[in-house]
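Asker: Take a look at query.tsv, TSV, C-alpha atoms:
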```
chain	number	residue	atom	x	y	z
A	1	MET	CA	29.93	-31.69	15.87
A	2	SER	CA	31.44	-31.21	12.46
A	3	ASP	CA	32.10	-34.04	10.07
A	4	PRO	CA	35.68	-35.18	10.65
A	5	GLN	CA	35.97	-36.00	6.93
A	6	PRO	CA	37.26	-32.87	5.15
A	7	ASP	CA	34.88	-31.36	2.63
A	8	LEU	CA	35.81	-31.41	-1.02
A	9	ASP	CA	35.11	-28.18	-2.85
A	10	PRO	CA	32.52	-29.07	-5.52
A	11	VAL	CA	33.53	-26.10	-7.68
A	12	ILE	CA	37.06	-27.46	-8.04
A	13	HIS	CA	36.45	-31.17	-7.67
A	14	ALA	CA	35.35	-31.83	-11.24
A	15	PRO	CA	38.05	-33.15	-13.58
A	16	ALA	CA	37.90	-30.32	-16.14
A	17	ARG	CA	37.96	-27.55	-13.53
A	18	LEU	CA	40.60	-29.31	-11.46
A	19	ARG	CA	42.85	-29.31	-14.53
A	20	LEU	CA	41.97	-25.70	-15.26
A	21	VAL	CA	42.72	-24.47	-11.75
A	22	ALA	CA	45.97	-26.47	-11.67
A	23	ALA	CA	47.01	-24.89	-14.98
A	24	LEU	CA	46.19	-21.38	-13.73
A	25	ALA	CA	48.13	-22.09	-10.53
A	26	ALA	CA	51.18	-22.79	-12.71
A	27	LEU	CA	51.32	-19.09	-13.56
A	28	ASP	CA	53.37	-16.90	-11.26
A	29	ASP	CA	51.35	-14.90	-8.76
A	30	GLY	CA	50.11	-11.75	-10.53
A	31	ASP	CA	50.50	-13.18	-14.05
A	32	ARG	CA	47.47	-13.61	-16.30
A	33	ILE	CA	46.92	-15.64	-19.44
A	34	ALA	CA	45.03	-14.85	-22.64
A	35	PHE	CA	41.89	-16.91	-23.24
A	36	PRO	CA	43.06	-18.41	-26.59
A	37	ARG	CA	46.39	-19.53	-25.11
A	38	LEU	CA	44.64	-21.10	-22.14
A	39	GLN	CA	42.28	-22.82	-24.56
A	40	GLN	CA	45.24	-24.18	-26.52
A	41	LEU	CA	46.96	-25.42	-23.34
A	42	GLN	CA	43.81	-27.09	-22.04
A	43	GLY	CA	42.60	-28.50	-25.35
A	44	LEU	CA	39.05	-27.30	-24.69
A	45	THR	CA	36.57	-25.65	-27.03
A	46	ALA	CA	35.99	-21.95	-26.43
A	47	GLY	CA	32.42	-22.62	-25.21
A	48	ASN	CA	33.53	-25.34	-22.85
A	49	LEU	CA	36.37	-23.29	-21.39
A	50	GLY	CA	34.08	-20.26	-21.06
A	51	ALA	CA	31.50	-22.28	-19.12
A	52	HIS	CA	34.07	-23.66	-16.66
A	53	LEU	CA	35.62	-20.21	-16.21
A	54	ARG	CA	32.19	-18.73	-15.45
A	55	LYS	CA	31.66	-21.27	-12.66
A	56	LEU	CA	35.08	-20.47	-11.21
A	57	GLU	CA	34.45	-16.75	-11.59
A	58	ASP	CA	31.09	-17.05	-9.81
A	59	ALA	CA	32.87	-18.71	-6.90
A	60	GLY	CA	35.40	-15.86	-6.84
A	61	TYR	CA	38.28	-18.19	-7.72
A	62	VAL	CA	39.12	-16.65	-11.09
A	63	ALA	CA	39.31	-13.05	-12.28
A	64	VAL	CA	38.43	-12.45	-15.92
A	65	GLU	CA	39.64	-9.19	-17.42
A	66	LYS	CA	38.48	-7.98	-20.82
A	67	THR	CA	40.88	-5.56	-22.50
A	68	HIS	CA	41.70	-4.33	-25.96
A	69	ARG	CA	44.99	-4.76	-27.76
A	70	GLY	CA	44.56	-2.12	-30.41
A	71	ARG	CA	41.12	-2.91	-31.78
A	72	THR	CA	41.17	-6.61	-30.93
A	73	PRO	CA	39.33	-7.52	-27.75
A	74	THR	CA	41.37	-9.83	-25.54
A	75	THR	CA	40.33	-11.65	-22.42
A	76	TYR	CA	42.87	-12.40	-19.71
A	77	VAL	CA	42.32	-14.91	-16.94
A	78	GLN	CA	44.04	-15.34	-13.61
A	79	LEU	CA	43.52	-17.20	-10.37
A	80	THR	CA	42.46	-14.89	-7.54
A	81	ARG	CA	44.03	-15.05	-4.09
A	82	ARG	CA	40.88	-16.80	-2.99
A	83	GLY	CA	41.19	-19.29	-5.85
A	84	ARG	CA	44.79	-20.08	-4.94
A	85	GLN	CA	43.73	-20.59	-1.33
A	86	ALA	CA	40.82	-22.82	-2.42
A	87	LEU	CA	43.24	-24.97	-4.42
A	88	GLU	CA	45.59	-25.25	-1.42
A	89	ASP	CA	42.70	-26.19	0.88
A	90	HIS	CA	41.44	-28.68	-1.67
A	91	THR	CA	44.88	-30.27	-2.02
A	92	ALA	CA	45.14	-30.52	1.76
A	93	ALA	CA	41.66	-32.09	1.93
A	94	LEU	CA	42.59	-34.66	-0.72
A	95	ARG	CA	45.80	-35.53	1.15
A	96	ALA	CA	43.80	-35.91	4.37
A	97	LEU	CA	41.41	-38.30	2.62
A	98	LEU	CA	44.35	-40.49	1.65
A	99	GLU	CA	45.44	-40.68	5.30
A	100	PRO	CA	42.03	-40.92	6.98
A	101	VAL	CA	43.30	-42.26	10.29
A	102	THR	CA	45.83	-39.52	10.97
A	103	ALA	CA	43.45	-36.85	9.67
A	104	ARG	CA	40.59	-38.01	11.86
A	105	ALA	CA	42.82	-38.25	14.89
A	106	ALA	CA	44.04	-34.69	14.23
A	107	ALA	CA	40.48	-33.46	13.73
A	108	GLY	CA	39.41	-35.13	16.95
A	109	ARG	CA	42.24	-33.47	18.89
A	110	SER	CA	41.48	-30.02	17.53
A	111	GLU	CA	37.77	-30.43	18.33
A	112	GLY	CA	38.63	-31.47	21.85
A	113	ALA	CA	40.82	-28.42	22.25
A	114	ALA	CA	38.18	-26.03	20.92
B	1	MET	CA	43.24	-35.27	-25.01
B	2	GLY	CA	39.91	-36.78	-23.93
B	3	THR	CA	38.34	-33.45	-23.03
B	4	THR	CA	34.87	-34.53	-24.09
B	5	THR	CA	34.92	-37.43	-21.67
B	6	GLN	CA	36.16	-35.16	-18.93
B	7	HIS	CA	33.36	-32.72	-19.60
B	8	ASP	CA	30.78	-35.49	-19.56
B	9	GLN	CA	32.10	-36.70	-16.22
B	10	ASP	CA	31.91	-33.17	-14.93
B	11	ASP	CA	29.99	-33.96	-11.79
B	12	ALA	CA	31.31	-37.46	-11.34
B	13	GLY	CA	34.20	-36.27	-9.17
B	14	LEU	CA	37.45	-38.09	-8.78
B	15	ASP	CA	39.17	-40.51	-6.49
B	16	PRO	CA	41.46	-38.42	-4.18
B	17	ARG	CA	44.60	-40.14	-5.42
B	18	GLU	CA	43.65	-39.53	-9.07
B	19	ALA	CA	42.76	-35.94	-8.27
B	20	LEU	CA	46.12	-35.24	-6.61
B	21	ALA	CA	47.98	-36.88	-9.49
B	22	LEU	CA	45.95	-34.84	-11.99
B	23	LEU	CA	46.64	-31.58	-10.14
B	24	ASP	CA	50.34	-32.26	-9.97
B	25	ALA	CA	50.66	-33.41	-13.58
B	26	GLU	CA	48.66	-30.50	-14.98
B	27	ARG	CA	50.57	-27.91	-12.99
B	28	THR	CA	53.95	-29.29	-14.06
B	29	ARG	CA	52.86	-29.73	-17.67
B	30	THR	CA	51.57	-26.16	-17.90
B	31	GLN	CA	54.69	-24.74	-16.25
B	32	GLN	CA	56.87	-26.55	-18.77
B	33	ARG	CA	54.87	-25.28	-21.71
B	34	LEU	CA	55.03	-21.65	-20.60
B	35	VAL	CA	58.81	-21.37	-20.25
B	36	PRO	CA	61.47	-21.79	-22.95
B	37	ASP	CA	63.05	-25.23	-23.28
B	38	LEU	CA	66.70	-24.58	-22.41
B	39	ARG	CA	67.79	-27.91	-23.89
B	40	LEU	CA	66.60	-26.69	-27.28
B	41	LEU	CA	68.17	-23.21	-26.90
B	42	TYR	CA	71.54	-24.40	-25.58
B	43	GLY	CA	71.62	-27.24	-28.13
B	44	THR	CA	70.90	-24.83	-31.00
B	45	TRP	CA	73.61	-22.39	-29.91
B	46	GLY	CA	76.03	-25.22	-29.18
B	47	VAL	CA	75.75	-26.54	-32.74
B	48	ALA	CA	75.87	-23.02	-34.23
B	49	TRP	CA	79.05	-22.10	-32.31
B	50	LEU	CA	80.77	-25.48	-32.67
B	51	VAL	CA	80.19	-25.85	-36.42
B	52	GLY	CA	80.28	-22.12	-37.21
B	53	PHE	CA	83.56	-21.31	-35.45
B	54	LEU	CA	85.21	-24.53	-36.69
B	55	VAL	CA	84.25	-23.71	-40.30
B	56	LEU	CA	85.55	-20.17	-39.77
B	57	TRP	CA	88.83	-21.45	-38.33
B	58	SER	CA	89.26	-24.11	-41.04
B	59	SER	CA	88.49	-21.66	-43.81
B	60	THR	CA	90.95	-19.08	-42.46
B	61	THR	CA	93.79	-21.51	-41.81
B	62	GLY	CA	93.07	-24.07	-44.52
B	63	ARG	CA	93.32	-26.79	-41.88
B	64	GLY	CA	90.79	-29.33	-40.71
B	65	PRO	CA	87.99	-31.09	-42.58
B	66	LEU	CA	85.66	-28.07	-42.81
B	67	ALA	CA	87.96	-25.82	-44.88
B	68	LEU	CA	85.98	-23.69	-47.37
B	69	PRO	CA	86.97	-20.60	-49.34
B	70	PRO	CA	87.15	-17.78	-46.71
B	71	VAL	CA	84.09	-15.95	-48.07
B	72	ALA	CA	82.02	-19.14	-48.03
B	73	GLY	CA	83.27	-19.94	-44.50
B	74	GLY	CA	82.15	-16.50	-43.32
B	75	ALA	CA	78.77	-16.99	-44.97
B	76	VAL	CA	78.25	-20.39	-43.29
B	77	PHE	CA	79.19	-18.88	-39.90
B	78	THR	CA	76.80	-15.93	-40.35
B	79	GLY	CA	74.04	-18.21	-41.64
B	80	LEU	CA	74.31	-20.52	-38.62
B	81	LEU	CA	74.18	-17.61	-36.17
B	82	VAL	CA	71.18	-16.05	-37.94
B	83	ALA	CA	69.41	-19.42	-37.90
B	84	ALA	CA	70.09	-19.77	-34.16
B	85	VAL	CA	68.71	-16.27	-33.52
B	86	VAL	CA	65.54	-17.14	-35.49
B	87	VAL	CA	65.05	-20.48	-33.70
B	88	THR	CA	65.54	-18.76	-30.32
B	89	GLY	CA	63.18	-15.89	-31.09
B	90	VAL	CA	60.39	-18.07	-32.51
B	91	HIS	CA	60.65	-20.62	-29.68
B	92	ILE	CA	60.56	-18.01	-26.90
B	93	ALA	CA	57.72	-16.08	-28.58
B	94	ARG	CA	55.65	-19.29	-28.86
B	95	ARG	CA	56.28	-20.42	-25.31
B	96	THR	CA	55.55	-17.06	-23.70
B	97	ALA	CA	52.62	-16.03	-25.95
B	98	GLY	CA	49.49	-14.84	-24.19
B	99	VAL	CA	50.98	-14.43	-20.72
B	100	ARG	CA	51.01	-10.97	-19.15
B	101	GLY	CA	52.27	-9.79	-15.79
B	102	ALA	CA	55.41	-9.56	-13.71
B	103	SER	CA	57.19	-12.55	-15.23
B	104	SER	CA	56.59	-11.42	-18.82
B	105	THR	CA	57.88	-7.93	-17.98
B	106	GLN	CA	60.94	-9.56	-16.48
B	107	GLY	CA	61.39	-11.71	-19.60
B	108	ALA	CA	60.95	-8.74	-21.94
B	109	MET	CA	63.52	-6.70	-20.01
B	110	TYR	CA	65.95	-9.60	-20.19
B	111	GLY	CA	65.31	-10.02	-23.92
B	112	TRP	CA	66.02	-6.34	-24.52
B	113	ALA	CA	69.31	-6.71	-22.65
B	114	TRP	CA	70.49	-9.08	-25.41
B	115	LEU	CA	69.43	-6.72	-28.19
B	116	LEU	CA	71.03	-3.71	-26.51
B	117	GLY	CA	74.22	-5.63	-25.76
B	118	PHE	CA	74.69	-6.76	-29.34
B	119	GLY	CA	73.62	-3.36	-30.69
B	120	CYS	CA	76.35	-1.76	-28.61
B	121	MET	CA	78.83	-4.39	-29.76
B	122	ALA	CA	78.05	-3.63	-33.40
B	123	SER	CA	78.88	0.05	-32.87
B	124	VAL	CA	82.14	-0.85	-31.09
B	125	MET	CA	83.15	-3.08	-34.02
B	126	ALA	CA	82.20	-0.43	-36.58
B	127	SER	CA	84.15	2.20	-34.71
B	128	ALA	CA	87.24	-0.02	-34.38
B	129	ALA	CA	87.13	-0.83	-38.10
B	130	GLY	CA	86.70	2.89	-38.89
B	131	ALA	CA	89.70	3.73	-36.72
B	132	GLY	CA	91.82	1.42	-38.87
B	133	ALA	CA	91.87	-1.77	-36.76
B	134	SER	CA	93.56	-4.58	-38.70
B	135	PRO	CA	91.68	-7.78	-39.63
B	136	ASP	CA	93.66	-9.50	-36.86
B	137	VAL	CA	92.43	-7.02	-34.26
B	138	LEU	CA	88.84	-7.24	-35.51
B	139	GLY	CA	89.14	-11.02	-35.59
B	140	VAL	CA	90.01	-11.02	-31.88
B	141	LEU	CA	87.49	-8.34	-30.92
B	142	GLY	CA	84.41	-9.91	-32.57
B	143	PRO	CA	84.35	-13.27	-30.73
B	144	ALA	CA	85.71	-11.75	-27.51
B	145	VAL	CA	83.12	-8.98	-27.22
B	146	SER	CA	80.22	-11.25	-28.20
B	147	GLY	CA	81.45	-13.85	-25.69
B	148	LEU	CA	81.61	-11.13	-23.06
B	149	VAL	CA	78.00	-10.08	-23.75
B	150	VAL	CA	76.72	-13.69	-23.79
B	151	GLY	CA	78.66	-14.68	-20.68
B	152	LEU	CA	77.52	-11.70	-18.62
B	153	LEU	CA	73.88	-12.13	-19.67
B	154	TYR	CA	73.94	-15.77	-18.60
B	155	LEU	CA	75.40	-14.71	-15.26
B	156	GLY	CA	72.51	-12.24	-14.93
B	157	GLY	CA	69.91	-14.79	-16.06
B	158	GLY	CA	71.32	-17.43	-13.72
B	159	ALA	CA	71.16	-15.01	-10.81
B	160	MET	CA	67.65	-13.78	-11.66
B	161	TRP	CA	66.10	-17.22	-12.12
B	162	GLN	CA	68.29	-18.93	-9.51
B	163	ASP	CA	69.57	-21.31	-12.15
B	164	ARG	CA	73.03	-22.63	-11.29
B	165	ALA	CA	73.48	-24.39	-14.64
B	166	GLN	CA	72.84	-21.13	-16.49
B	167	TYR	CA	75.20	-19.23	-14.19
B	168	SER	CA	77.90	-21.87	-14.71
B	169	LEU	CA	77.42	-21.63	-18.46
B	170	GLY	CA	77.98	-17.86	-18.17
B	171	VAL	CA	81.23	-18.41	-16.27
B	172	TRP	CA	82.34	-20.97	-18.84
B	173	ILE	CA	81.56	-18.69	-21.81
B	174	LEU	CA	83.51	-15.83	-20.17
B	175	LEU	CA	86.48	-18.16	-19.58
B	176	SER	CA	86.34	-19.45	-23.17
B	177	SER	CA	86.22	-15.88	-24.49
B	178	ALA	CA	89.18	-14.84	-22.35
B	179	VAL	CA	91.22	-17.87	-23.43
B	180	GLY	CA	90.23	-17.26	-27.05
B	181	ALA	CA	91.27	-13.60	-26.88
B	182	LEU	CA	94.63	-14.56	-25.40
B	183	ALA	CA	95.13	-17.22	-28.09
B	184	GLY	CA	94.76	-14.50	-30.74
B	185	TYR	CA	93.33	-14.61	-34.26
B	186	PRO	CA	92.56	-17.08	-35.86
B	187	SER	CA	93.15	-19.64	-33.08
B	188	ASN	CA	90.42	-17.92	-31.05
B	189	HIS	CA	87.86	-19.37	-33.49
B	190	LEU	CA	89.03	-22.87	-32.63
B	191	VAL	CA	88.78	-22.04	-28.90
B	192	MET	CA	85.30	-20.50	-29.23
B	193	GLY	CA	84.07	-23.47	-31.27
B	194	LEU	CA	85.42	-26.23	-29.05
B	195	LEU	CA	85.20	-24.65	-25.59
B	196	GLY	CA	82.28	-22.23	-26.16
B	197	GLY	CA	80.16	-24.45	-28.44
B	198	GLY	CA	81.10	-27.53	-26.41
B	199	GLY	CA	80.08	-25.70	-23.23
B	200	PHE	CA	76.62	-24.99	-24.64
B	201	LEU	CA	76.20	-28.66	-25.57
B	202	VAL	CA	77.29	-29.81	-22.10
B	203	ALA	CA	74.84	-27.29	-20.57
B	204	ALA	CA	72.05	-28.76	-22.74
B	205	LEU	CA	72.89	-32.24	-21.39
B	206	VAL	CA	73.00	-30.97	-17.79
B	207	VAL	CA	69.57	-29.35	-18.18
B	208	ALA	CA	68.19	-32.53	-19.78
B	209	ALA	CA	69.59	-34.64	-16.91
B	210	ARG	CA	68.14	-32.48	-14.13
B	211	GLY	CA	64.63	-32.80	-15.59
B	212	PRO	CA	61.74	-30.35	-15.23
B	213	ARG	CA	62.22	-27.86	-12.45
B	214	ALA	CA	58.88	-26.99	-10.91
B	215	GLY	CA	58.41	-23.34	-10.08
B	216	ALA	CA	61.54	-22.02	-11.78
B	217	PRO	CA	60.93	-20.36	-15.12
B	218	ALA	CA	63.57	-20.36	-17.88
```
Output the structure of this file as structure tokens.
Answerer:
Amino acid sequence: MSDPQPDLDPVIHAPARLRLVAALAALDDGDRIAFPRLQQLQGLTAGNLGAHLRKLEDAGYVAVEKTHRGRTPTTYVQLTRRGRQALEDHTAALRALLEPVTARAAAGRSEGAA
Amino acid sequence: MGTTTQHDQDDAGLDPREALALLDAERTRTQQRLVPDLRLLYGTWGVAWLVGFLVLWSSTTGRGPLALPPVAGGAVFTGLLVAAVVVTGVHIARRTAGVRGASSTQGAMYGWAWLLGFGCMASVMASAAGAGASPDVLGVLGPAVSGLVVGLLYLGGGAMWQDRAQYSLGVWILLSSAVGALAGYPSNHLVMGLLGGGGFLVAALVVAARGPRAGAPA
């Protein structure tokens, strides 16, 4: 018997990373953003942003690409397919939490069918 | 921006309603900050065309409140257009900085279309002048060809980004240019100022009224 209450992804469900993933999801699929620009958009320190990105990267939600523009090293960040999916699942889970009765009824039906 | 607090609350989690609101707000806010603000661009070009062409018309005909010596009128017109180009370039460069991928390639290709269009126009004008075109002919050609380039590029941009307001602006600019060309020199300056410049300003108001459009760049 699984818990009818949907699980919230702990990697995403922290305010700073929720904002970060939402911002990365605003990019078109296949686009990536330079670290300093992302830092400017998020209003985070470089260390802070780097730490959150590492957690997301460890979970496979974010791809970090280090390149060189001329001699200047540049880091580009993008949401992976898995990260986009995790955000969608998380959004669905949050919506389900706001409508617990319907969600639980649906979960009960699907369990009965399985 | 309260980022310190957010970091401190890192593991505190959020109420689902707050979390959904935060997701939505952050996504929309980021989208808006990564695409050019068309209200600013249309507004800038609206003022440049309206004032610039009216000064040009007044200075050529000696009519209206903006009459200057012809050379000064030409300088004001050129200055306004150069300023609009600078505002546009700086704004777009700032908004799109640091983003790489399909959409930035698309944007760069579209940007080059403007440069190539006006580069080609400059050679047409130079050639016509070299072939002995009169000031009247050049005075019709200049606004008409630039209106043609602008109008067509807005049709292309509107189609590419599925932006009906931008497409409509393209149609309107083409119509204004055609009417201006038929009106002849120097009345075409009056037409381009009032209809063309006015059209840009109306487009800026339309974009402002429709609000942020999630998911649609430019």
Asker: Distance cut-off 8 Å, counting all atoms listed in the file - which residues of chain A neighbour chain B? Return them as a list in words.
Answerer: His13, Ala14, Pro15, Ala16, Leu18, Arg19, Ala22, Ala23, Leu24, Ala25, Ala26, Leu27, Asp28, Gly30, Asp31, Arg32, Ile33, Ala34, Phe35, Pro36, Arg37, Leu41, Gly43, Leu44, Thr91, Leu94, Arg95, Leu97 and Leu98 of chain A
Asker: When you draw a straight line from atom CA of B:Ala131 to atom CA of B:Ala181, how long is it in Å?
Answerer: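 So the answer is 20.0 Å.
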Asker: Taking only C-alpha atoms into account, name the residue in B:Thr44, B:Ala113, B:Val179, B:His189 that is nearest to B:Gly156.
Answerer: B:Ala113
Asker: Give the centre and edge lengths of an axis-aligned box, in Å to one decimal, that holds all listed atoms of stretch 87-96 of chain A with 6 Å on each side, as lines of an AutoDock Vina configuration file.
Answerer:
```
center_x = 43.6
center_y = -30.4
center_z = 0.0
size_x = 16.4
size_y = 22.9
size_z = 20.8
```
Asker: Which residues are near B:Ala67? Cut-off 6 Å, all atoms listed in the file, ignore same chain within fewer than 3 positions. Put them as an NGL selection string.
Answerer: :B and (58-59 or 62)
Asker: To one decimal in Å, tell me the separation between atom CA of A:Ala63 and atom CA of B:Met160.
Answerer: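 It comes out at 28.4 Å.
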Asker: Hey, what's within 9 Å of B:Val150 if we count all atoms listed in the file and toss same-chain stuff fewer than 4 positions away? As an MDAnalysis selection string, please?
Answerer: chainID B and resid 114 117 145:146 154:155 170 173:174
Asker: So what do you get for atom CA of B:Val149 versus atom CA of B:Leu81, distance-wise?
Answerer: 15.0 Å
Asker: Residues near A:Lys66, anyone? I mean within 8 Å using only C-alpha atoms, not counting same-chain ones fewer than 4 positions away, as JSON, numbers by chain.
Answerer: {"A": [73, 74, 75, 76]}
Asker: Pick out the residues sitting within 7 Å of A:His90, and hand them over as a ChimeraX atom specification; count only C-alpha atoms, and ignore anything fewer than 4 positions along from it in its own chain.
Answerer: /A:8-9,86,94
Asker: Could you save those same residues with C-alpha atoms as a JSON list (two decimals), keeping the file's coordinate frame?
Answerer:
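File written: out_39.json
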```
[["chain", "number", "residue", "atom", "x", "y", "z"],
["A", 8, "LEU", "CA", 35.81, -31.41, -1.02],
["A", 9, "ASP", "CA", 35.11, -28.18, -2.85],
["A", 86, "ALA", "CA", 40.82, -22.82, -2.42],
["A", 94, "LEU", "CA", 42.59, -34.66, -0.72]]
```
Asker: Counting only C-alpha atoms, what is within 12 Å of A:Ala59, bar same-chain residues fewer than 6 positions away, as a VMD selection string?
Answerer: chain A and resid 9 to 12 52 to 53 79 to 80 82 to 83 86
Asker: Counting only C-alpha atoms, which residue out of B:Ala133, B:Ala183, B:Val71, B:Leu80 sits closest to B:Gly46?
Answerer: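 Going through B:Ala133, B:Ala183, B:Val71, B:Leu80 one by one, the smallest distance to B:Gly46 is for B:Leu80.
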Asker: Could stretch 83-101 of chain A be completed with N, CA and C atoms and written as a PDB file, keeping the file's coordinate frame, please?
Answerer:
```pdb
ATOM      1  N   GLY A  83      41.108 -18.068  -5.050  1.00  0.00           N
ATOM      2  CA  GLY A  83      41.190 -19.290  -5.850  1.00  0.00           C
ATOM      3  C   GLY A  83      42.427 -20.106  -5.505  1.00  0.00           C
ATOM      4  N   ARG A  84      43.552 -19.404  -5.314  1.00  0.00           N
ATOM      5  CA  ARG A  84      44.790 -20.080  -4.940  1.00  0.00           C
ATOM      6  C   ARG A  84      44.623 -20.769  -3.585  1.00  0.00           C
ATOM      7  N   GLN A  85      43.966 -20.042  -2.665  1.00  0.00           N
ATOM      8  CA  GLN A  85      43.730 -20.590  -1.330  1.00  0.00           C
ATOM      9  C   GLN A  85      42.819 -21.810  -1.416  1.00  0.00           C
ATOM     10  N   ALA A  86      41.763 -21.707  -2.263  1.00  0.00           N
ATOM     11  CA  ALA A  86      40.820 -22.820  -2.420  1.00  0.00           C
ATOM     12  C   ALA A  86      41.549 -24.056  -2.946  1.00  0.00           C
ATOM     13  N   LEU A  87      42.494 -23.843  -3.872  1.00  0.00           N
ATOM     14  CA  LEU A  87      43.240 -24.970  -4.420  1.00  0.00           C
ATOM     15  C   LEU A  87      44.123 -25.591  -3.333  1.00  0.00           C
ATOM     16  N   GLU A  88      44.749 -24.729  -2.517  1.00  0.00           N
ATOM     17  CA  GLU A  88      45.590 -25.250  -1.420  1.00  0.00           C
ATOM     18  C   GLU A  88      44.752 -26.054  -0.440  1.00  0.00           C
ATOM     19  N   ASP A  89      43.580 -25.489  -0.063  1.00  0.00           N
ATOM     20  CA  ASP A  89      42.700 -26.190   0.880  1.00  0.00           C
ATOM     21  C   ASP A  89      42.249 -27.523   0.287  1.00  0.00           C
ATOM     22  N   HIS A  90      41.932 -27.478  -1.010  1.00  0.00           N
ATOM     23  CA  HIS A  90      41.440 -28.680  -1.670  1.00  0.00           C
ATOM     24  C   HIS A  90      42.521 -29.757  -1.701  1.00  0.00           C
ATOM     25  N   THR A  91      43.763 -29.327  -2.002  1.00  0.00           N
ATOM     26  CA  THR A  91      44.880 -30.270  -2.020  1.00  0.00           C
ATOM     27  C   THR A  91      45.071 -30.874  -0.639  1.00  0.00           C
ATOM     28  N   ALA A  92      44.987 -30.032   0.392  1.00  0.00           N
ATOM     29  CA  ALA A  92      45.140 -30.520   1.760  1.00  0.00           C
ATOM     30  C   ALA A  92      44.019 -31.513   2.102  1.00  0.00           C
ATOM     31  N   ALA A  93      42.802 -31.199   1.660  1.00  0.00           N
ATOM     32  CA  ALA A  93      41.660 -32.090   1.930  1.00  0.00           C
ATOM     33  C   ALA A  93      41.845 -33.439   1.247  1.00  0.00           C
ATOM     34  N   LEU A  94      42.364 -33.403   0.015  1.00  0.00           N
ATOM     35  CA  LEU A  94      42.590 -34.660  -0.720  1.00  0.00           C
ATOM     36  C   LEU A  94      43.658 -35.495  -0.001  1.00  0.00           C
ATOM     37  N   ARG A  95      44.730 -34.814   0.435  1.00  0.00           N
ATOM     38  CA  ARG A  95      45.800 -35.530   1.150  1.00  0.00           C
ATOM     39  C   ARG A  95      45.236 -36.157   2.418  1.00  0.00           C
ATOM     40  N   ALA A  96      44.376 -35.401   3.114  1.00  0.00           N
ATOM     41  CA  ALA A  96      43.800 -35.910   4.370  1.00  0.00           C
ATOM     42  C   ALA A  96      42.945 -37.142   4.100  1.00  0.00           C
ATOM     43  N   LEU A  97      42.255 -37.146   2.953  1.00  0.00           N
ATOM     44  CA  LEU A  97      41.410 -38.300   2.620  1.00  0.00           C
ATOM     45  C   LEU A  97      42.249 -39.545   2.387  1.00  0.00           C
ATOM     46  N   LEU A  98      43.491 -39.337   1.921  1.00  0.00           N
ATOM     47  CA  LEU A  98      44.350 -40.490   1.650  1.00  0.00           C
ATOM     48  C   LEU A  98      44.952 -41.034   2.938  1.00  0.00           C
ATOM     49  N   GLU A  99      44.943 -40.205   3.997  1.00  0.00           N
ATOM     50  CA  GLU A  99      45.440 -40.680   5.300  1.00  0.00           C
ATOM     51  C   GLU A  99      44.321 -40.477   6.315  1.00  0.00           C
ATOM     52  N   PRO A 100      43.217 -41.213   6.172  1.00  0.00           N
ATOM     53  CA  PRO A 100      42.030 -40.920   6.980  1.00  0.00           C
ATOM     54  C   PRO A 100      42.296 -41.057   8.478  1.00  0.00           C
ATOM     55  N   VAL A 101      43.121 -42.014   8.847  1.00  0.00           N
ATOM     56  CA  VAL A 101      43.300 -42.260  10.290  1.00  0.00           C
ATOM     57  C   VAL A 101      43.975 -41.069  10.958  1.00  0.00           C
TER      58      VAL A 101
END
```
